[in-house]
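Novice: Input file: upload14.csv. Contents: CSV, C-alpha atoms.
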```csv
chain,number,residue,atom,x,y,z
A,76,MET,CA,-38.6,-130.3,2.1
A,77,VAL,CA,-38.3,-127.9,5.0
A,78,GLU,CA,-38.9,-125.0,2.5
A,79,GLN,CA,-42.1,-126.5,1.2
A,80,ILE,CA,-43.3,-127.0,4.8
A,81,THR,CA,-42.3,-123.4,5.7
A,82,ASP,CA,-44.1,-122.1,2.6
A,83,MET,CA,-47.2,-124.0,3.6
A,84,LEU,CA,-47.0,-122.8,7.2
A,85,VAL,CA,-46.8,-119.1,6.4
A,86,PHE,CA,-50.4,-119.1,5.2
A,87,MET,CA,-51.5,-120.2,8.7
A,88,ASN,CA,-51.6,-118.2,11.8
A,89,LYS,CA,-48.0,-117.0,12.2
A,90,GLU,CA,-47.7,-118.1,15.8
A,91,ALA,CA,-49.0,-121.6,14.9
A,92,ALA,CA,-46.6,-121.8,12.0
A,93,VAL,CA,-43.6,-121.2,14.3
A,94,VAL,CA,-44.8,-123.7,16.9
A,95,ILE,CA,-45.5,-126.4,14.2
A,96,LEU,CA,-42.1,-125.8,12.6
A,97,ALA,CA,-40.4,-126.1,16.0
A,98,ALA,CA,-42.2,-129.4,16.7
A,99,LEU,CA,-41.1,-131.0,13.4
A,100,PRO,CA,-38.0,-133.2,13.2
A,101,ILE,CA,-35.0,-131.7,11.3
A,102,SER,CA,-36.2,-128.1,11.5
A,103,GLU,CA,-37.0,-128.0,15.2
A,104,LEU,CA,-36.3,-124.6,16.8
A,105,ARG,CA,-33.2,-124.2,14.6
A,106,GLY,CA,-35.7,-123.4,11.8
A,107,ALA,CA,-38.5,-121.9,13.9
A,108,ILE,CA,-36.5,-119.1,15.5
A,109,PRO,CA,-35.1,-117.6,12.2
A,110,LEU,CA,-38.6,-117.9,10.7
A,111,ALA,CA,-40.2,-116.1,13.7
A,112,LEU,CA,-37.6,-113.3,13.5
A,113,ALA,CA,-38.2,-113.0,9.8
A,114,MET,CA,-41.9,-112.5,10.5
A,115,ASP,CA,-40.9,-109.7,12.8
A,116,PHE,CA,-41.7,-111.4,16.1
A,117,THR,CA,-39.8,-110.0,19.1
A,118,PRO,CA,-36.9,-112.1,20.1
A,119,MET,CA,-38.7,-113.2,23.3
A,120,LYS,CA,-41.8,-114.2,21.5
A,121,ALA,CA,-39.8,-116.1,18.8
A,122,TYR,CA,-37.8,-117.9,21.6
A,123,MET,CA,-40.8,-118.8,23.7
A,124,LEU,CA,-42.9,-120.1,20.8
A,125,SER,CA,-40.0,-122.1,19.4
A,126,VAL,CA,-39.1,-123.7,22.7
A,127,ALA,CA,-42.7,-124.5,23.4
A,128,GLY,CA,-43.1,-126.1,20.0
A,129,ASN,CA,-39.9,-128.1,20.3
A,130,ILE,CA,-41.0,-129.5,23.6
A,131,ILE,CA,-44.4,-130.7,22.3
A,132,PRO,CA,-43.1,-134.0,20.7
A,133,VAL,CA,-40.7,-134.9,23.6
A,134,ILE,CA,-43.1,-136.6,26.0
A,135,PRO,CA,-44.9,-138.7,23.4
A,136,LEU,CA,-41.6,-139.7,21.9
A,137,LEU,CA,-40.1,-140.7,25.2
A,138,PHE,CA,-43.1,-142.9,26.1
A,139,LEU,CA,-44.0,-144.2,22.7
A,140,LEU,CA,-40.9,-144.6,20.6
A,141,LYS,CA,-39.9,-148.0,22.0
A,142,PRO,CA,-43.3,-149.7,22.0
A,143,VAL,CA,-44.3,-148.3,18.6
A,144,SER,CA,-40.9,-149.3,17.1
A,145,GLU,CA,-41.2,-152.8,18.5
A,146,LYS,CA,-44.7,-153.2,17.0
A,147,LEU,CA,-43.7,-151.8,13.7
A,148,ARG,CA,-40.5,-153.9,13.3
A,149,HIS,CA,-42.6,-156.8,12.2
A,150,ILE,CA,-43.1,-154.9,8.9
A,151,PRO,CA,-39.9,-155.1,6.8
A,152,VAL,CA,-39.9,-151.5,5.6
A,153,PHE,CA,-40.2,-150.3,9.2
A,154,GLU,CA,-37.6,-152.7,10.5
A,155,LYS,CA,-35.2,-151.3,8.0
A,156,PHE,CA,-36.1,-147.7,9.0
A,157,PHE,CA,-35.7,-148.3,12.7
A,158,ASN,CA,-32.5,-150.2,12.3
A,159,TRP,CA,-31.1,-147.3,10.3
A,160,LEU,CA,-32.4,-144.7,12.7
A,161,PHE,CA,-31.2,-146.4,15.9
A,162,GLU,CA,-27.8,-147.3,14.4
A,163,ARG,CA,-27.3,-143.7,13.1
A,164,THR,CA,-28.2,-142.3,16.5
A,165,ARG,CA,-26.0,-144.8,18.3
A,166,LYS,CA,-23.0,-143.7,16.2
A,167,LYS,CA,-23.6,-140.0,16.8
A,168,ALA,CA,-24.5,-140.2,20.5
A,169,SER,CA,-21.3,-141.4,22.1
A,170,LEU,CA,-21.5,-138.3,24.4
A,171,ILE,CA,-24.8,-139.6,25.7
A,172,GLU,CA,-23.6,-143.2,26.1
A,173,LYS,CA,-20.7,-141.9,28.2
A,174,PHE,CA,-22.3,-139.2,30.3
A,175,GLU,CA,-26.0,-140.2,30.2
A,176,ALA,CA,-28.2,-137.2,31.2
A,177,ILE,CA,-25.4,-134.6,31.1
A,178,GLY,CA,-24.4,-135.9,27.7
A,179,LEU,CA,-28.0,-135.8,26.6
A,180,ILE,CA,-28.2,-132.1,27.6
A,181,LEU,CA,-25.1,-131.3,25.6
A,182,PHE,CA,-26.2,-133.4,22.6
A,183,VAL,CA,-29.6,-131.7,22.4
A,184,ALA,CA,-28.1,-128.2,23.0
A,185,ILE,CA,-25.7,-128.4,20.0
A,186,PRO,CA,-27.6,-126.7,17.2
A,187,LEU,CA,-26.6,-129.0,14.4
A,188,PRO,CA,-28.9,-130.9,12.0
A,189,ILE,CA,-28.2,-134.3,13.5
A,190,THR,CA,-28.8,-133.2,17.1
A,191,GLY,CA,-31.9,-131.9,18.8
A,192,ALA,CA,-34.9,-133.0,20.8
A,193,TRP,CA,-36.0,-135.7,18.3
A,194,THR,CA,-32.6,-137.4,18.1
A,195,GLY,CA,-32.2,-136.9,21.9
A,196,CYS,CA,-35.4,-138.8,22.5
A,197,VAL,CA,-34.2,-141.6,20.2
A,198,ALA,CA,-30.8,-141.7,22.1
A,199,ALA,CA,-32.5,-141.6,25.5
A,200,THR,CA,-34.6,-144.6,24.4
A,201,LEU,CA,-31.6,-146.5,23.0
A,202,PHE,CA,-29.5,-145.9,26.1
A,203,LYS,CA,-32.4,-146.6,28.4
A,204,ILE,CA,-32.3,-143.3,30.2
A,205,ARG,CA,-35.3,-143.1,32.5
A,206,PHE,CA,-37.9,-140.5,31.8
A,207,ARG,CA,-37.3,-138.6,35.0
A,208,TYR,CA,-33.8,-137.9,33.8
A,209,ALA,CA,-34.3,-137.8,30.1
A,210,PHE,CA,-37.1,-135.2,30.0
A,211,PRO,CA,-35.4,-132.6,32.1
A,212,ALA,CA,-32.1,-133.2,30.2
A,213,ILE,CA,-33.8,-132.8,26.8
A,214,LEU,CA,-35.7,-129.7,28.1
A,215,ALA,CA,-32.4,-128.1,29.3
A,216,GLY,CA,-30.8,-128.9,25.9
A,217,ILE,CA,-33.8,-127.3,24.1
A,218,ILE,CA,-33.5,-124.1,26.3
A,219,ILE,CA,-29.7,-123.9,25.7
A,220,ALA,CA,-30.1,-124.6,21.9
A,221,GLY,CA,-32.8,-121.9,21.7
A,222,LEU,CA,-30.4,-119.4,23.3
A,223,VAL,CA,-27.6,-120.3,20.9
A,224,VAL,CA,-29.8,-120.2,17.8
A,225,MET,CA,-31.4,-116.9,18.9
A,226,GLY,CA,-27.9,-115.4,19.4
A,227,ILE,CA,-26.7,-116.6,16.0
A,228,SER,CA,-30.0,-115.5,14.3
A,229,LEU,CA,-29.9,-112.0,15.9
A,230,ALA,CA,-26.2,-111.6,15.0
A,231,GLY,CA,-27.0,-112.7,11.4
A,232,LYS,CA,-30.0,-110.4,11.1
A,233,GLU,CA,-27.9,-107.5,12.4
A,234,LEU,CA,-25.1,-108.2,9.9
A,235,LEU,CA,-27.5,-108.7,6.9
A,236,PHE,CA,-29.7,-105.7,7.6
A,237,LYS,CA,-27.2,-103.2,8.9
```
Could you render the structure from this file as structure tokens?
Specialist:
Amino acid sequence: MVEQITDMLVFMNKEAAVVILAALPISELRGAIPLALAMDFTPMKAYMLSVAGNIIPVIPLLFLLKPVSEKLRHIPVFEKFFNWLFERTRKKASLIEKFEAIGLILFVAIPLPITGAWTGCVAATLFKIRFRYAFPAILAGIIIAGLVVMGISLAGKELLFK
């Protein structure tokens, strides 16, 4: 699915494609940074666009996830989805449950498919971490994850094209 989205995005403005890919769940900046580097963006431009795109959904998610999920739970298919999503996040987010905001930073900073800003927002909602702590923690996690992904991507590019 990410490949189809990436293929569709490359026909757009390249900067917009990177920002949109970074804002999407699953790919987030973990997909956006390698895409930007593949499009020959400078590492700084790739990093800045990817981080900016990854931040875009955070504030709406932190404010709207709980009220929207509560409203939609009256529809059976959404109830099933939110039960699955929240249970899956609860199982993966023991770090957040134990260390709250510091755990949230580490959880978002780990560049794996089941972590990131989107799941961090779900976890912050589940564990009732207040916005004033959750947003800076998720932002810090995004910044760290971006640095890690950039380092890995540059090392991989160097090895592949040496």
Novice: Per residue of range 82-164 of chain A within 8 Å of range 204-223 of chain A, what are the shortest atom pair and its distance in Å to one decimal, counting all atoms listed in the file, with rows by chain and residue number, as a Markdown table?
Specialist:
```
| residue | atom | partner | partner_atom | distance |
| --- | --- | --- | --- | --- |
| A:Leu104 | CA | A:Gly221 | CA | 6.6 |
| A:Arg105 | CA | A:Gly221 | CA | 7.5 |
| A:Ile108 | CA | A:Gly221 | CA | 7.7 |
| A:Tyr122 | CA | A:Gly221 | CA | 6.4 |
| A:Ser125 | CA | A:Gly221 | CA | 7.6 |
| A:Val126 | CA | A:Ile217 | CA | 6.6 |
| A:Asn129 | CA | A:Ile217 | CA | 7.2 |
| A:Ile130 | CA | A:Leu214 | CA | 7.0 |
| A:Val133 | CA | A:Phe210 | CA | 7.3 |
| A:Ile134 | CA | A:Phe210 | CA | 7.3 |
| A:Leu137 | CA | A:Phe206 | CA | 7.0 |
```
Novice: Kindly indicate which residue among A:Leu140, A:Leu181, A:Ala111, A:Ile95 lies nearest to Trp193 in chain A, using all atoms listed in the file for the distances.
Specialist: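 Closest candidate: A:Leu140.
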Novice: Provide the CA of Arg165 in chain A to CA of Thr194 in chain A distance in Å, to one decimal place.
Specialist: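 It comes out at 9.9 Å.
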Novice: Considering all atoms listed in the file, can you say which of A:Lys146, A:Lys141, A:Lys120, A:Lys203 comes closest to Glu175 in chain A?
Specialist: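 Among the listed residues, the smallest separation from Glu175 in chain A belongs to A:Lys203.
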Novice: Please provide as a PyMOL selection string all residues within 9 Å of Glu172 in chain A, with the sequence filter that same-chain residues fewer than 6 positions apart are discarded (counting all atoms listed in the file).
Specialist: chain A and resi 165+178-179+198+202
Novice: Pick out the closest residue to Leu139 in chain A from this set: A:Val152, A:Met123, A:Ser169, A:Cys196. Count only C-alpha atoms.
Specialist: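 Comparing A:Val152, A:Met123, A:Ser169, A:Cys196 against Leu139 in chain A, the winner is A:Cys196.
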Novice: From the options A:Ala98, A:Met119, A:Leu110, A:Ile189, which residue's atoms come nearest to Ala168 in chain A, counting all atoms listed in the file?
Specialist: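 Counting all atoms listed in the file, the residue closest to Ala168 in chain A is A:Ile189.
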Novice: Grab the CA of Leu124 in chain A to CA of Thr200 in chain A distance for me, in Å with one decimal place.
Specialist: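 The value is 26.1 Å.
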Novice: Report the distance between CA of Glu90 in chain A and CA of Glu103 in chain A in Å, rounded to one decimal place.
Specialist: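 Distance between the two atoms: 14.6 Å.
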Novice: Given the choices A:Ala184, A:Leu112, A:Ile101, A:Val93, which gets closest to Met225 in chain A if the distance is worked out from all atoms listed in the file?
Specialist: A:Leu112
Novice: For Ile185 in chain A, which residue among A:Leu170, A:Ala121, A:Leu201, A:Glu162 is the nearest when counting only C-alpha atoms?
Specialist: A:Leu170
Novice: Regenerate range 180-216 of chain A at the level of N, CA and C atoms and dump it as a PDB file, in the coordinates of the input.
Specialist:
```pdb
ATOM      1  N   ILE A 180     -28.063-133.536  27.623  1.00  0.00           N
ATOM      2  CA  ILE A 180     -28.200-132.100  27.600  1.00  0.00           C
ATOM      3  C   ILE A 180     -27.327-131.468  26.522  1.00  0.00           C
ATOM      4  N   LEU A 181     -26.057-131.841  26.542  1.00  0.00           N
ATOM      5  CA  LEU A 181     -25.100-131.300  25.600  1.00  0.00           C
ATOM      6  C   LEU A 181     -25.446-131.676  24.150  1.00  0.00           C
ATOM      7  N   PHE A 182     -25.864-132.919  23.966  1.00  0.00           N
ATOM      8  CA  PHE A 182     -26.200-133.400  22.600  1.00  0.00           C
ATOM      9  C   PHE A 182     -27.384-132.616  22.048  1.00  0.00           C
ATOM     10  N   VAL A 183     -28.409-132.397  22.835  1.00  0.00           N
ATOM     11  CA  VAL A 183     -29.600-131.700  22.400  1.00  0.00           C
ATOM     12  C   VAL A 183     -29.251-130.177  22.186  1.00  0.00           C
ATOM     13  N   ALA A 184     -28.379-129.646  23.035  1.00  0.00           N
ATOM     14  CA  ALA A 184     -28.100-128.200  23.000  1.00  0.00           C
ATOM     15  C   ALA A 184     -27.220-127.811  21.798  1.00  0.00           C
ATOM     16  N   ILE A 185     -26.508-128.742  21.193  1.00  0.00           N
ATOM     17  CA  ILE A 185     -25.700-128.400  20.000  1.00  0.00           C
ATOM     18  C   ILE A 185     -26.592-128.177  18.831  1.00  0.00           C
ATOM     19  N   PRO A 186     -26.627-126.953  18.307  1.00  0.00           N
ATOM     20  CA  PRO A 186     -27.600-126.700  17.200  1.00  0.00           C
ATOM     21  C   PRO A 186     -27.078-127.106  15.846  1.00  0.00           C
ATOM     22  N   LEU A 187     -27.005-128.406  15.661  1.00  0.00           N
ATOM     23  CA  LEU A 187     -26.600-129.000  14.400  1.00  0.00           C
ATOM     24  C   LEU A 187     -27.771-129.850  13.864  1.00  0.00           C
ATOM     25  N   PRO A 188     -27.815-130.121  12.560  1.00  0.00           N
ATOM     26  CA  PRO A 188     -28.900-130.900  12.000  1.00  0.00           C
ATOM     27  C   PRO A 188     -29.095-132.309  12.593  1.00  0.00           C
ATOM     28  N   ILE A 189     -28.034-132.963  13.018  1.00  0.00           N
ATOM     29  CA  ILE A 189     -28.200-134.300  13.500  1.00  0.00           C
ATOM     30  C   ILE A 189     -28.378-134.414  15.017  1.00  0.00           C
ATOM     31  N   THR A 190     -28.565-133.265  15.644  1.00  0.00           N
ATOM     32  CA  THR A 190     -28.800-133.200  17.100  1.00  0.00           C
ATOM     33  C   THR A 190     -30.177-132.569  17.292  1.00  0.00           C
ATOM     34  N   GLY A 191     -30.621-132.534  18.515  1.00  0.00           N
ATOM     35  CA  GLY A 191     -31.900-131.900  18.800  1.00  0.00           C
ATOM     36  C   GLY A 191     -32.782-132.784  19.636  1.00  0.00           C
ATOM     37  N   ALA A 192     -33.977-132.308  19.896  1.00  0.00           N
ATOM     38  CA  ALA A 192     -34.900-133.000  20.800  1.00  0.00           C
ATOM     39  C   ALA A 192     -35.318-134.378  20.211  1.00  0.00           C
ATOM     40  N   TRP A 193     -35.604-134.441  18.928  1.00  0.00           N
ATOM     41  CA  TRP A 193     -36.000-135.700  18.300  1.00  0.00           C
ATOM     42  C   TRP A 193     -34.946-136.769  18.446  1.00  0.00           C
ATOM     43  N   THR A 194     -33.743-136.435  18.026  1.00  0.00           N
ATOM     44  CA  THR A 194     -32.600-137.400  18.100  1.00  0.00           C
ATOM     45  C   THR A 194     -32.291-137.670  19.560  1.00  0.00           C
ATOM     46  N   GLY A 195     -32.426-136.671  20.421  1.00  0.00           N
ATOM     47  CA  GLY A 195     -32.200-136.900  21.900  1.00  0.00           C
ATOM     48  C   GLY A 195     -33.173-137.882  22.438  1.00  0.00           C
ATOM     49  N   CYS A 196     -34.419-137.846  21.995  1.00  0.00           N
ATOM     50  CA  CYS A 196     -35.400-138.800  22.500  1.00  0.00           C
ATOM     51  C   CYS A 196     -35.049-140.233  21.974  1.00  0.00           C
ATOM     52  N   VAL A 197     -34.598-140.329  20.729  1.00  0.00           N
ATOM     53  CA  VAL A 197     -34.200-141.600  20.200  1.00  0.00           C
ATOM     54  C   VAL A 197     -32.987-142.145  21.017  1.00  0.00           C
ATOM     55  N   ALA A 198     -32.027-141.272  21.293  1.00  0.00           N
ATOM     56  CA  ALA A 198     -30.800-141.700  22.100  1.00  0.00           C
ATOM     57  C   ALA A 198     -31.228-142.073  23.485  1.00  0.00           C
ATOM     58  N   ALA A 199     -32.116-141.313  24.119  1.00  0.00           N
ATOM     59  CA  ALA A 199     -32.500-141.600  25.500  1.00  0.00           C
ATOM     60  C   ALA A 199     -33.212-143.021  25.505  1.00  0.00           C
ATOM     61  N   THR A 200     -33.977-143.316  24.480  1.00  0.00           N
ATOM     62  CA  THR A 200     -34.600-144.600  24.400  1.00  0.00           C
ATOM     63  C   THR A 200     -33.566-145.716  24.168  1.00  0.00           C
ATOM     64  N   LEU A 201     -32.634-145.474  23.267  1.00  0.00           N
ATOM     65  CA  LEU A 201     -31.600-146.500  23.000  1.00  0.00           C
ATOM     66  C   LEU A 201     -30.731-146.787  24.192  1.00  0.00           C
ATOM     67  N   PHE A 202     -30.365-145.756  24.938  1.00  0.00           N
ATOM     68  CA  PHE A 202     -29.500-145.900  26.100  1.00  0.00           C
ATOM     69  C   PHE A 202     -30.219-146.130  27.390  1.00  0.00           C
ATOM     70  N   LYS A 203     -31.541-146.316  27.268  1.00  0.00           N
ATOM     71  CA  LYS A 203     -32.400-146.600  28.400  1.00  0.00           C
ATOM     72  C   LYS A 203     -32.268-145.624  29.562  1.00  0.00           C
ATOM     73  N   ILE A 204     -32.272-144.349  29.183  1.00  0.00           N
ATOM     74  CA  ILE A 204     -32.300-143.300  30.200  1.00  0.00           C
ATOM     75  C   ILE A 204     -33.703-143.101  30.648  1.00  0.00           C
ATOM     76  N   ARG A 205     -33.916-143.199  31.931  1.00  0.00           N
ATOM     77  CA  ARG A 205     -35.300-143.100  32.500  1.00  0.00           C
ATOM     78  C   ARG A 205     -35.881-141.743  32.208  1.00  0.00           C
ATOM     79  N   PHE A 206     -37.216-141.742  32.075  1.00  0.00           N
ATOM     80  CA  PHE A 206     -37.900-140.500  31.800  1.00  0.00           C
ATOM     81  C   PHE A 206     -37.623-139.400  32.738  1.00  0.00           C
ATOM     82  N   ARG A 207     -37.542-139.706  34.013  1.00  0.00           N
ATOM     83  CA  ARG A 207     -37.300-138.600  35.000  1.00  0.00           C
ATOM     84  C   ARG A 207     -35.967-137.962  34.855  1.00  0.00           C
ATOM     85  N   TYR A 208     -35.041-138.583  34.148  1.00  0.00           N
ATOM     86  CA  TYR A 208     -33.800-137.900  33.800  1.00  0.00           C
ATOM     87  C   TYR A 208     -33.740-137.422  32.402  1.00  0.00           C
ATOM     88  N   ALA A 209     -34.349-138.179  31.486  1.00  0.00           N
ATOM     89  CA  ALA A 209     -34.300-137.800  30.100  1.00  0.00           C
ATOM     90  C   ALA A 209     -35.094-136.529  29.788  1.00  0.00           C
ATOM     91  N   PHE A 210     -36.307-136.425  30.325  1.00  0.00           N
ATOM     92  CA  PHE A 210     -37.100-135.200  30.000  1.00  0.00           C
ATOM     93  C   PHE A 210     -36.458-133.944  30.475  1.00  0.00           C
ATOM     94  N   PRO A 211     -36.019-133.838  31.735  1.00  0.00           N
ATOM     95  CA  PRO A 211     -35.400-132.600  32.100  1.00  0.00           C
ATOM     96  C   PRO A 211     -34.077-132.304  31.343  1.00  0.00           C
ATOM     97  N   ALA A 212     -33.346-133.355  30.986  1.00  0.00           N
ATOM     98  CA  ALA A 212     -32.100-133.200  30.200  1.00  0.00           C
ATOM     99  C   ALA A 212     -32.435-132.637  28.819  1.00  0.00           C
ATOM    100  N   ILE A 213     -33.440-133.221  28.174  1.00  0.00           N
ATOM    101  CA  ILE A 213     -33.800-132.800  26.800  1.00  0.00           C
ATOM    102  C   ILE A 213     -34.372-131.342  26.913  1.00  0.00           C
ATOM    103  N   LEU A 214     -35.168-131.052  27.933  1.00  0.00           N
ATOM    104  CA  LEU A 214     -35.700-129.700  28.100  1.00  0.00           C
ATOM    105  C   LEU A 214     -34.565-128.689  28.301  1.00  0.00           C
ATOM    106  N   ALA A 215     -33.585-129.014  29.128  1.00  0.00           N
ATOM    107  CA  ALA A 215     -32.400-128.100  29.300  1.00  0.00           C
ATOM    108  C   ALA A 215     -31.682-127.923  28.004  1.00  0.00           C
ATOM    109  N   GLY A 216     -31.509-129.009  27.239  1.00  0.00           N
ATOM    110  CA  GLY A 216     -30.800-128.900  25.900  1.00  0.00           C
ATOM    111  C   GLY A 216     -31.601-128.014  24.978  1.00  0.00           C
TER     112      GLY A 216
END
```
